[in-house]
$ cat data34.csv   # CSV, C-alpha atoms
chain,number,residue,atom,x,y,z
A,228,MET,CA,55.0,146.5,126.1
A,229,THR,CA,56.2,142.9,126.7
A,230,ALA,CA,59.1,142.5,129.2
A,231,ALA,CA,62.4,141.4,127.7
A,232,PRO,CA,63.1,137.6,128.0
A,233,PHE,CA,66.6,138.1,129.4
A,234,ARG,CA,69.0,140.5,131.1
A,235,CYS,CA,72.7,140.7,130.2
A,236,ASN,CA,75.8,142.4,131.7
A,237,TYR,CA,79.5,142.1,131.3
A,238,THR,CA,82.3,142.4,133.9
A,239,TRP,CA,84.4,144.4,131.5
A,240,THR,CA,83.7,148.0,130.5
A,241,ARG,CA,81.8,148.7,127.3
A,242,VAL,CA,83.9,150.8,124.9
A,243,GLU,CA,81.7,150.7,121.8
A,244,GLY,CA,78.4,149.1,120.8
A,245,SER,CA,75.1,148.3,122.5
A,246,ILE,CA,74.8,145.4,125.0
A,247,GLU,CA,71.0,145.1,124.4
A,248,LYS,CA,71.3,145.1,120.6
A,249,GLN,CA,74.3,142.7,120.5
A,250,ILE,CA,72.2,139.6,121.4
A,251,ALA,CA,69.6,138.2,119.0
A,252,ILE,CA,66.8,136.1,120.4
A,253,GLN,CA,65.4,133.0,118.7
A,254,VAL,CA,62.3,131.3,120.4
A,255,GLY,CA,61.5,127.8,119.1
A,256,GLU,CA,59.9,124.6,120.2
A,257,SER,CA,62.8,122.2,120.0
A,258,SER,CA,65.1,121.5,123.0
A,259,THR,CA,68.0,121.0,120.5
A,260,PRO,CA,67.6,123.9,118.1
A,261,ASP,CA,69.5,124.1,114.8
A,262,PHE,CA,72.3,126.6,114.9
A,263,VAL,CA,72.0,129.5,112.4
A,264,ALA,CA,74.5,130.0,109.6
A,265,LEU,CA,77.6,132.1,110.2
A,266,ASP,CA,76.3,134.9,107.9
A,267,ASP,CA,73.1,135.2,110.0
A,268,LEU,CA,75.1,135.2,113.2
A,269,LEU,CA,77.8,137.7,112.2
A,270,ASP,CA,76.6,141.3,112.3
A,271,LEU,CA,79.3,144.0,112.2
A,272,ASP,CA,76.6,146.6,113.1
A,273,LYS,CA,76.1,144.9,116.4
A,274,CYS,CA,79.8,144.6,117.2
A,275,LEU,CA,80.5,145.1,121.0
A,276,ILE,CA,83.9,146.1,122.2
A,277,LEU,CA,84.8,145.6,125.9
A,278,SER,CA,87.9,146.7,127.8
A,279,ALA,CA,89.4,145.2,131.0
A,280,PRO,CA,89.3,147.5,134.0
A,281,ASP,CA,92.2,147.4,136.5
A,282,GLY,CA,92.2,144.3,138.6
A,283,GLN,CA,89.7,142.4,136.5
A,284,GLU,CA,90.8,139.1,135.0
A,285,ALA,CA,88.8,137.3,132.4
A,286,CYS,CA,85.7,139.0,131.0
A,287,GLU,CA,82.4,137.3,132.0
A,288,MET,CA,79.1,137.5,130.2
A,289,ARG,CA,76.2,137.0,132.7
A,290,LEU,CA,72.7,136.1,131.4
A,291,SER,CA,69.6,136.1,133.5
A,292,ILE,CA,66.6,134.4,131.8
A,293,ALA,CA,63.0,135.4,132.6
A,294,PRO,CA,60.9,132.5,134.2
A,295,MET,CA,58.6,132.2,131.1
A,296,TYR,CA,61.6,131.0,129.0
A,297,LEU,CA,64.3,128.4,129.3
A,298,PRO,CA,67.7,128.7,127.5
A,299,ARG,CA,68.6,125.8,125.2
A,300,ALA,CA,71.7,127.1,123.4
A,301,VAL,CA,73.8,130.1,122.6
A,302,SER,CA,76.0,130.9,119.6
A,303,LEU,CA,78.8,133.5,119.6
A,304,VAL,CA,81.3,135.0,117.2
A,305,VAL,CA,84.1,136.5,119.3
A,306,GLU,CA,87.9,137.2,119.3
A,307,CYS,CA,88.5,134.6,121.9
A,308,PRO,CA,89.7,131.0,121.5
A,309,VAL,CA,88.3,129.5,124.8
A,310,ILE,CA,85.1,129.9,126.8
A,311,GLU,CA,84.3,128.5,130.2
A,312,CYS,CA,80.6,127.9,130.9
A,313,TYR,CA,79.0,128.2,134.3
A,314,HIS,CA,75.4,127.5,135.3
A,315,GLY,CA,73.0,128.8,137.9
A,316,ARG,CA,73.2,131.4,140.7
A,317,LEU,CA,75.9,129.4,142.4
A,318,ASN,CA,78.1,129.8,139.3
A,319,GLU,CA,78.7,126.1,139.0
A,320,TYR,CA,81.3,125.1,136.4
A,321,ASP,CA,79.9,123.1,133.5
A,322,SER,CA,82.5,122.8,130.8
A,323,THR,CA,85.2,124.4,128.7
A,324,TYR,CA,84.6,125.1,124.9
A,325,HIS,CA,87.3,125.6,122.2
A,326,GLY,CA,86.0,127.8,119.4
A,327,GLU,CA,86.0,127.1,115.7
A,328,LEU,CA,88.4,129.4,113.8
A,329,VAL,CA,86.3,131.3,111.2
A,330,TYR,CA,88.4,134.3,110.3
A,331,THR,CA,92.0,135.4,110.5
A,332,LEU,CA,93.1,138.9,109.7
A,333,GLU,CA,96.8,139.5,110.4
A,334,ASP,CA,97.1,139.0,114.2
A,335,VAL,CA,93.3,139.0,114.8
A,336,LYS,CA,91.6,135.6,115.0
A,337,VAL,CA,87.8,135.2,115.2
A,338,PHE,CA,86.2,132.1,116.6
A,339,ARG,CA,82.7,130.7,116.6
A,340,PHE,CA,81.1,128.9,119.6
A,341,ASP,CA,77.9,126.8,119.6
A,342,ILE,CA,77.0,125.9,123.2
A,343,ARG,CA,74.1,123.7,124.0
A,344,ILE,CA,72.3,123.8,127.4
A,345,PRO,CA,70.6,120.5,128.2
A,346,THR,CA,69.5,121.4,131.7
A,347,ASP,CA,66.8,123.8,132.9
A,348,ILE,CA,68.6,126.9,134.2
A,349,ASP,CA,67.8,130.6,134.6
A,350,GLU,CA,71.3,131.9,135.0
A,351,LEU,CA,74.2,131.4,132.6
A,352,GLN,CA,77.8,132.7,132.9
A,353,LEU,CA,80.3,132.6,130.0
A,354,LYS,CA,84.0,133.4,130.9
A,355,PHE,CA,86.1,134.5,127.9
A,356,ILE,CA,89.7,133.2,128.3
A,357,SER,CA,91.7,135.8,126.3
A,358,ASP,CA,94.6,138.2,126.5
A,359,LYS,CA,93.8,140.8,129.2
A,360,SER,CA,95.9,143.4,127.5
A,361,GLU,CA,93.7,143.5,124.4
A,362,PRO,CA,90.0,144.6,124.1
A,363,LEU,CA,87.4,141.8,123.6
A,364,CYS,CA,85.3,142.1,120.5
A,365,LEU,CA,82.0,140.2,120.1
A,366,TYR,CA,80.6,140.2,116.5
A,367,GLY,CA,77.3,138.5,117.2
A,368,THR,CA,75.4,136.5,119.8
A,369,ARG,CA,72.3,134.5,119.4
A,370,LEU,CA,70.3,133.1,122.4
A,371,TYR,CA,68.0,130.1,121.6
A,372,LEU,CA,65.0,129.9,124.0
A,373,VAL,CA,61.9,127.7,124.5
A,374,ARG,CA,58.8,128.7,126.3
A,375,ASN,CA,58.6,127.5,129.9
A,376,ALA,CA,55.4,125.5,130.5
A,377,ASP,CA,55.6,126.0,134.3
A,378,PRO,CA,57.3,129.3,135.2
A,379,LEU,CA,56.1,129.2,138.8
A,380,ARG,CA,57.7,125.9,139.5
A,381,THR,CA,60.9,127.2,137.8
A,382,MET,CA,61.0,130.2,140.1
A,383,MET,CA,60.5,128.0,143.2
A,384,MET,CA,63.2,125.5,142.2
A,385,MET,CA,65.8,127.8,140.8
A,386,SER,CA,65.6,130.4,143.6
A,387,GLY,CA,66.6,127.7,146.1
A,388,ARG,CA,63.8,128.8,148.5
A,389,LYS,CA,60.4,127.5,149.3
A,390,ILE,CA,57.1,129.3,149.3
A,391,ASN,CA,55.5,128.6,152.7
A,392,PRO,CA,51.8,127.7,152.2
A,393,ILE,CA,51.0,128.6,155.8
A,394,ALA,CA,52.5,132.1,155.4
A,395,VAL,CA,50.6,132.6,152.2
A,396,GLN,CA,47.4,131.5,153.9
A,397,LEU,CA,48.0,134.0,156.8
A,398,ARG,CA,48.5,136.8,154.3
A,399,LEU,CA,45.4,136.0,152.4
A,400,GLN,CA,43.1,135.3,155.4
A,401,ASP,CA,41.8,138.9,155.5
A,402,THR,CA,41.6,139.2,151.7
A,403,ASP,CA,38.1,139.4,150.2
A,404,LEU,CA,38.1,136.6,147.6
A,405,SER,CA,35.2,135.4,145.6
A,406,GLU,CA,33.9,131.9,146.3
A,407,LYS,CA,35.5,130.5,143.2
A,408,ALA,CA,38.9,132.2,144.0
A,409,GLU,CA,38.7,130.8,147.5
A,410,ASN,CA,38.2,127.3,146.2
A,411,CYS,CA,41.1,127.7,143.8
A,412,LYS,CA,43.3,129.1,146.6
A,413,ARG,CA,42.8,126.0,148.6
A,414,LEU,CA,43.6,123.9,145.6
A,415,ILE,CA,46.8,125.8,144.9
A,416,LEU,CA,47.9,125.8,148.6
A,417,GLY,CA,47.3,122.0,148.7
A,418,SER,CA,49.4,121.6,145.6
A,419,MET,CA,52.2,123.7,147.1
A,420,GLN,CA,52.2,121.5,150.2
A,421,THR,CA,52.4,118.4,148.0
A,422,THR,CA,55.2,119.9,146.0
A,423,GLU,CA,57.2,120.9,149.1
A,424,GLN,CA,56.8,117.3,150.5
A,425,ASN,CA,58.0,115.8,147.2
A,426,ILE,CA,61.1,118.1,147.2
A,427,ALA,CA,61.8,117.2,150.8
A,428,ASN,CA,61.6,113.5,150.0
A,429,ASN,CA,63.9,113.8,147.0
A,430,ASN,CA,66.6,115.8,148.7
A,431,THR,CA,68.7,114.6,151.6
A,432,THR,CA,70.0,117.9,152.7
A,433,ALA,CA,67.8,120.8,153.5
A,434,GLN,CA,68.5,124.2,151.9
A,435,PRO,CA,68.4,127.3,154.2
A,436,GLU,CA,65.5,129.6,153.4
A,437,PRO,CA,66.7,133.1,152.6
A,438,SER,CA,65.0,136.1,154.1
A,439,TRP,CA,62.1,137.8,152.2
A,440,PRO,CA,62.9,141.1,150.5
A,441,ASP,CA,61.7,144.5,151.8
A,442,ARG,CA,57.9,144.3,152.2
A,443,ASN,CA,57.6,148.1,151.8
A,444,THR,CA,57.7,147.6,148.0
A,445,ASP,CA,54.5,148.8,146.4
A,446,PRO,CA,53.0,145.7,144.8
A,447,ALA,CA,50.3,147.6,143.0
A,448,GLY,CA,52.9,149.4,140.9
A,449,ALA,CA,54.7,146.3,139.9
A,450,VAL,CA,51.8,144.2,138.6
A,451,THR,CA,50.2,146.1,135.7
A,452,THR,CA,46.9,145.5,134.0
A,453,ASP,CA,48.0,146.2,130.4
A,454,PRO,CA,47.1,143.6,127.7
A,455,ASP,CA,50.5,142.0,127.7
A,456,GLY,CA,50.3,141.2,131.5
A,457,GLY,CA,47.1,139.2,131.4
A,458,THR,CA,48.7,135.8,131.7
A,459,LEU,CA,50.5,134.2,134.6
A,460,PRO,CA,53.8,133.6,132.8
A,461,LYS,CA,53.9,137.2,131.6
A,462,LEU,CA,53.1,138.6,135.0
A,463,PHE,CA,55.9,136.6,136.6
A,464,SER,CA,58.3,137.6,133.9
A,465,LYS,CA,57.6,141.3,134.5
A,466,MET,CA,57.8,140.9,138.2
A,467,ASP,CA,61.1,138.9,138.0
A,468,LEU,CA,62.8,141.4,135.7
A,469,GLN,CA,61.6,144.4,137.7
A,470,ALA,CA,62.8,142.9,140.9
A,471,GLY,CA,66.2,142.0,139.5
A,472,GLY,CA,65.7,138.2,139.9
A,473,PRO,CA,63.3,135.8,141.7
A,474,GLN,CA,65.4,136.0,144.8
A,475,ASN,CA,64.5,139.7,145.2
A,476,MET,CA,60.8,139.4,144.6
A,477,ASN,CA,58.3,140.6,147.2
A,478,PRO,CA,55.9,137.7,148.1
A,479,ALA,CA,53.0,140.1,148.0
A,480,LEU,CA,53.5,140.4,144.2
A,481,ILE,CA,53.2,136.6,143.9
A,482,GLU,CA,49.9,136.7,145.9
A,483,ILE,CA,48.5,139.6,143.8
A,484,ALA,CA,49.4,137.9,140.5
A,485,MET,CA,47.9,134.6,141.6
A,486,LYS,CA,44.7,136.3,142.7
A,487,GLN,CA,44.4,138.3,139.5
A,488,TYR,CA,45.1,135.2,137.4
A,489,ILE,CA,42.7,132.9,139.4
A,490,ASP,CA,39.9,135.5,139.3
A,491,ALA,CA,40.3,136.0,135.6
A,492,LYS,CA,40.4,132.3,134.8
A,493,PHE,CA,37.4,131.5,137.0
A,494,ALA,CA,35.5,134.4,135.3
A,495,GLU,CA,36.3,132.9,131.9
A,496,LEU,CA,35.3,129.4,133.1
A,497,GLY,CA,32.1,130.8,134.5
A,498,ARG,CA,31.2,132.4,131.2
A,499,ALA,CA,31.9,129.2,129.4
A,500,LEU,CA,29.7,127.2,131.8
A,501,ASP,CA,26.9,129.7,131.6
A,502,SER,CA,27.0,129.5,127.8
A,503,ARG,CA,27.0,125.7,128.0
A,504,LEU,CA,24.1,125.6,130.5
A,505,ALA,CA,22.1,128.0,128.4
A,506,SER,CA,22.6,125.8,125.3
A,507,LEU,CA,21.6,122.7,127.3
A,508,GLU,CA,18.6,124.4,128.7
A,509,ALA,CA,17.5,125.6,125.3
A,510,ARG,CA,17.7,122.0,123.9
A,511,GLN,CA,15.9,120.6,127.0
A,512,ASN,CA,13.1,123.1,126.6
A,513,ALA,CA,12.7,122.2,123.0
A,514,LYS,CA,12.4,118.6,123.9
A,515,PHE,CA,9.8,119.4,126.6
A,516,ASP,CA,7.8,121.5,124.1
A,517,ARG,CA,7.8,118.6,121.6
A,518,ILE,CA,6.6,116.2,124.3
A,519,LEU,CA,3.8,118.6,125.2
A,520,GLU,CA,2.8,118.9,121.6
A,521,LEU,CA,2.7,115.1,121.2
A,522,LEU,CA,0.6,114.7,124.4
A,523,GLU,CA,-1.8,117.4,123.2
A,524,GLU,CA,-2.1,115.6,119.8
A,525,LYS,CA,-2.7,112.3,121.6
A,526,SER,CA,-5.3,113.9,123.8
A,527,ARG,CA,-7.2,115.4,120.9
A,528,SER,CA,-7.1,112.1,119.0
A,529,ASN,CA,-8.5,110.3,122.1
A,530,ALA,CA,-11.2,113.0,122.4
A,531,MET,CA,-12.2,112.5,118.7
A,532,VAL,CA,-12.4,108.7,119.1
A,533,GLU,CA,-14.7,109.0,122.1

$ encode --input "data34.csv" --output "structure tokens"
Amino acid sequence: MTAAPFRCNYTWTRVEGSIEKQIAIQVGESSTPDFVALDDLLDLDKCLILSAPDGQEACEMRLSIAPMYLPRAVSLVVECPVIECYHGRLNEYDSTYHGELVYTLEDVKVFRFDIRIPTDIDELQLKFISDKSEPLCLYGTRLYLVRNADPLRTMMMMSGRKINPIAVQLRLQDTDLSEKAENCKRLILGSMQTTEQNIANNNTTAQPEPSWPDRNTDPAGAVTTDPDGGTLPKLFSKMDLQAGGPQNMNPALIEIAMKQYIDAKFAELGRALDSRLASLEARQNAKFDRILELLEEKSRSNAMVE
């Protein structure tokens, strides 16, 4: 079963409806997706009603996106006139949006919001500015995603921490790797060091490196071998969602996923090379056979002349 592309929670208490079913996913190729029609966005069967607990101010919707995807926009139909948008794990304010009034029923007003996300982020917070004394009703939400071409880089950049190539090398030094995997490991570690140097050159202030999570986590249980986990983006997606975010991931899981992916890719490359070499060898043997035939024919002709 493929891991979900996002996780969502609200700071208000759910009274009615399902949080998981309330959000529809649309995966596309464009960084500026076309927003769906109101009839496609509005779904009364997916209505979610939230109530404010004591001491809680505005309701917040918090979205965490799996590394294999990037959010590009979100559309909502909600009984709320204003939404504040925040990006990233630091909850940085982005902008304030005023909704388009789409329905009015007595004292109830329903607004539509279409919010574009031009930057690459993996955390999105929406704060609903509404009357605290009334429940908040959401009638439909659609999240527009694109596939992330480089999920490993996203995890490194978004988490605000660095993968230490030396530490990875020390952890892998006693690991029994094939010759091809060992060569690829050196290539990846060299790429990591280059990336780290580029980041250091492009940033004037150094970011503190958070501590690693508990190493007692069983990595073998987190990285599965089912058909849906056979690619690097899917492996990192599952690991990220199981750990509750890249900041909680055990580095051992990253090493295991890299080793599995590297070995699988080199095995695939080896099969392709073997097939190619066999084809070249067959053609070369055919040429040699033809040359021998021509030489034999020439030898017989010379013998007859003599």

$ closest_residue --input "data34.csv" --among "A:Leu265, A:Ala499, A:Ile310, A:Val254" --to "Asn375 (chain A)" --atoms "all atoms listed in the file"
A:Val254

$ residues_around --input "data34.csv" --residues "Arg343 (chain A)" --least-positions-apart "6" --cutoff "8 Å" --atoms "only C-alpha atoms" --output "PyMOL selection string"
chain A and resi 259+299-301

$ axis_aligned_box --input "data34.csv" --around "region 343-352 of chain A" --padding-each-side "8 Å" --output "AutoDock Vina command-line options"
--center_x 72.3 --center_y 126.6 --center_z 129.5 --size_x 27.0 --size_y 28.2 --size_z 27.0

$ residues_around --input "data34.csv" --residues "Cys364 (chain A)" --least-positions-apart "5" --cutoff "8 Å" --atoms "all atoms listed in the file" --output "PDB file with C-alpha atoms, in the frame of the given file"
ATOM      1  CA  CYS A 274      79.800 144.600 117.200  1.00  0.00           C
ATOM      2  CA  LEU A 275      80.500 145.100 121.000  1.00  0.00           C
ATOM      3  CA  ILE A 276      83.900 146.100 122.200  1.00  0.00           C
ATOM      4  CA  LEU A 277      84.800 145.600 125.900  1.00  0.00           C
ATOM      5  CA  VAL A 305      84.100 136.500 119.300  1.00  0.00           C
ATOM      6  CA  GLU A 306      87.900 137.200 119.300  1.00  0.00           C
TER       7      GLU A 306
END

$ closest_residue --input "data34.csv" --among "A:Leu353, A:Leu269, A:Cys235, A:Ala279" --to "Tyr330 (chain A)" --atoms "only C-alpha atoms"
A:Leu269

$ closest_residue --input "data34.csv" --among "A:Arg339, A:Lys525, A:Arg517, A:Arg289" --to "Phe233 (chain A)" --atoms "all atoms listed in the file"
A:Arg289
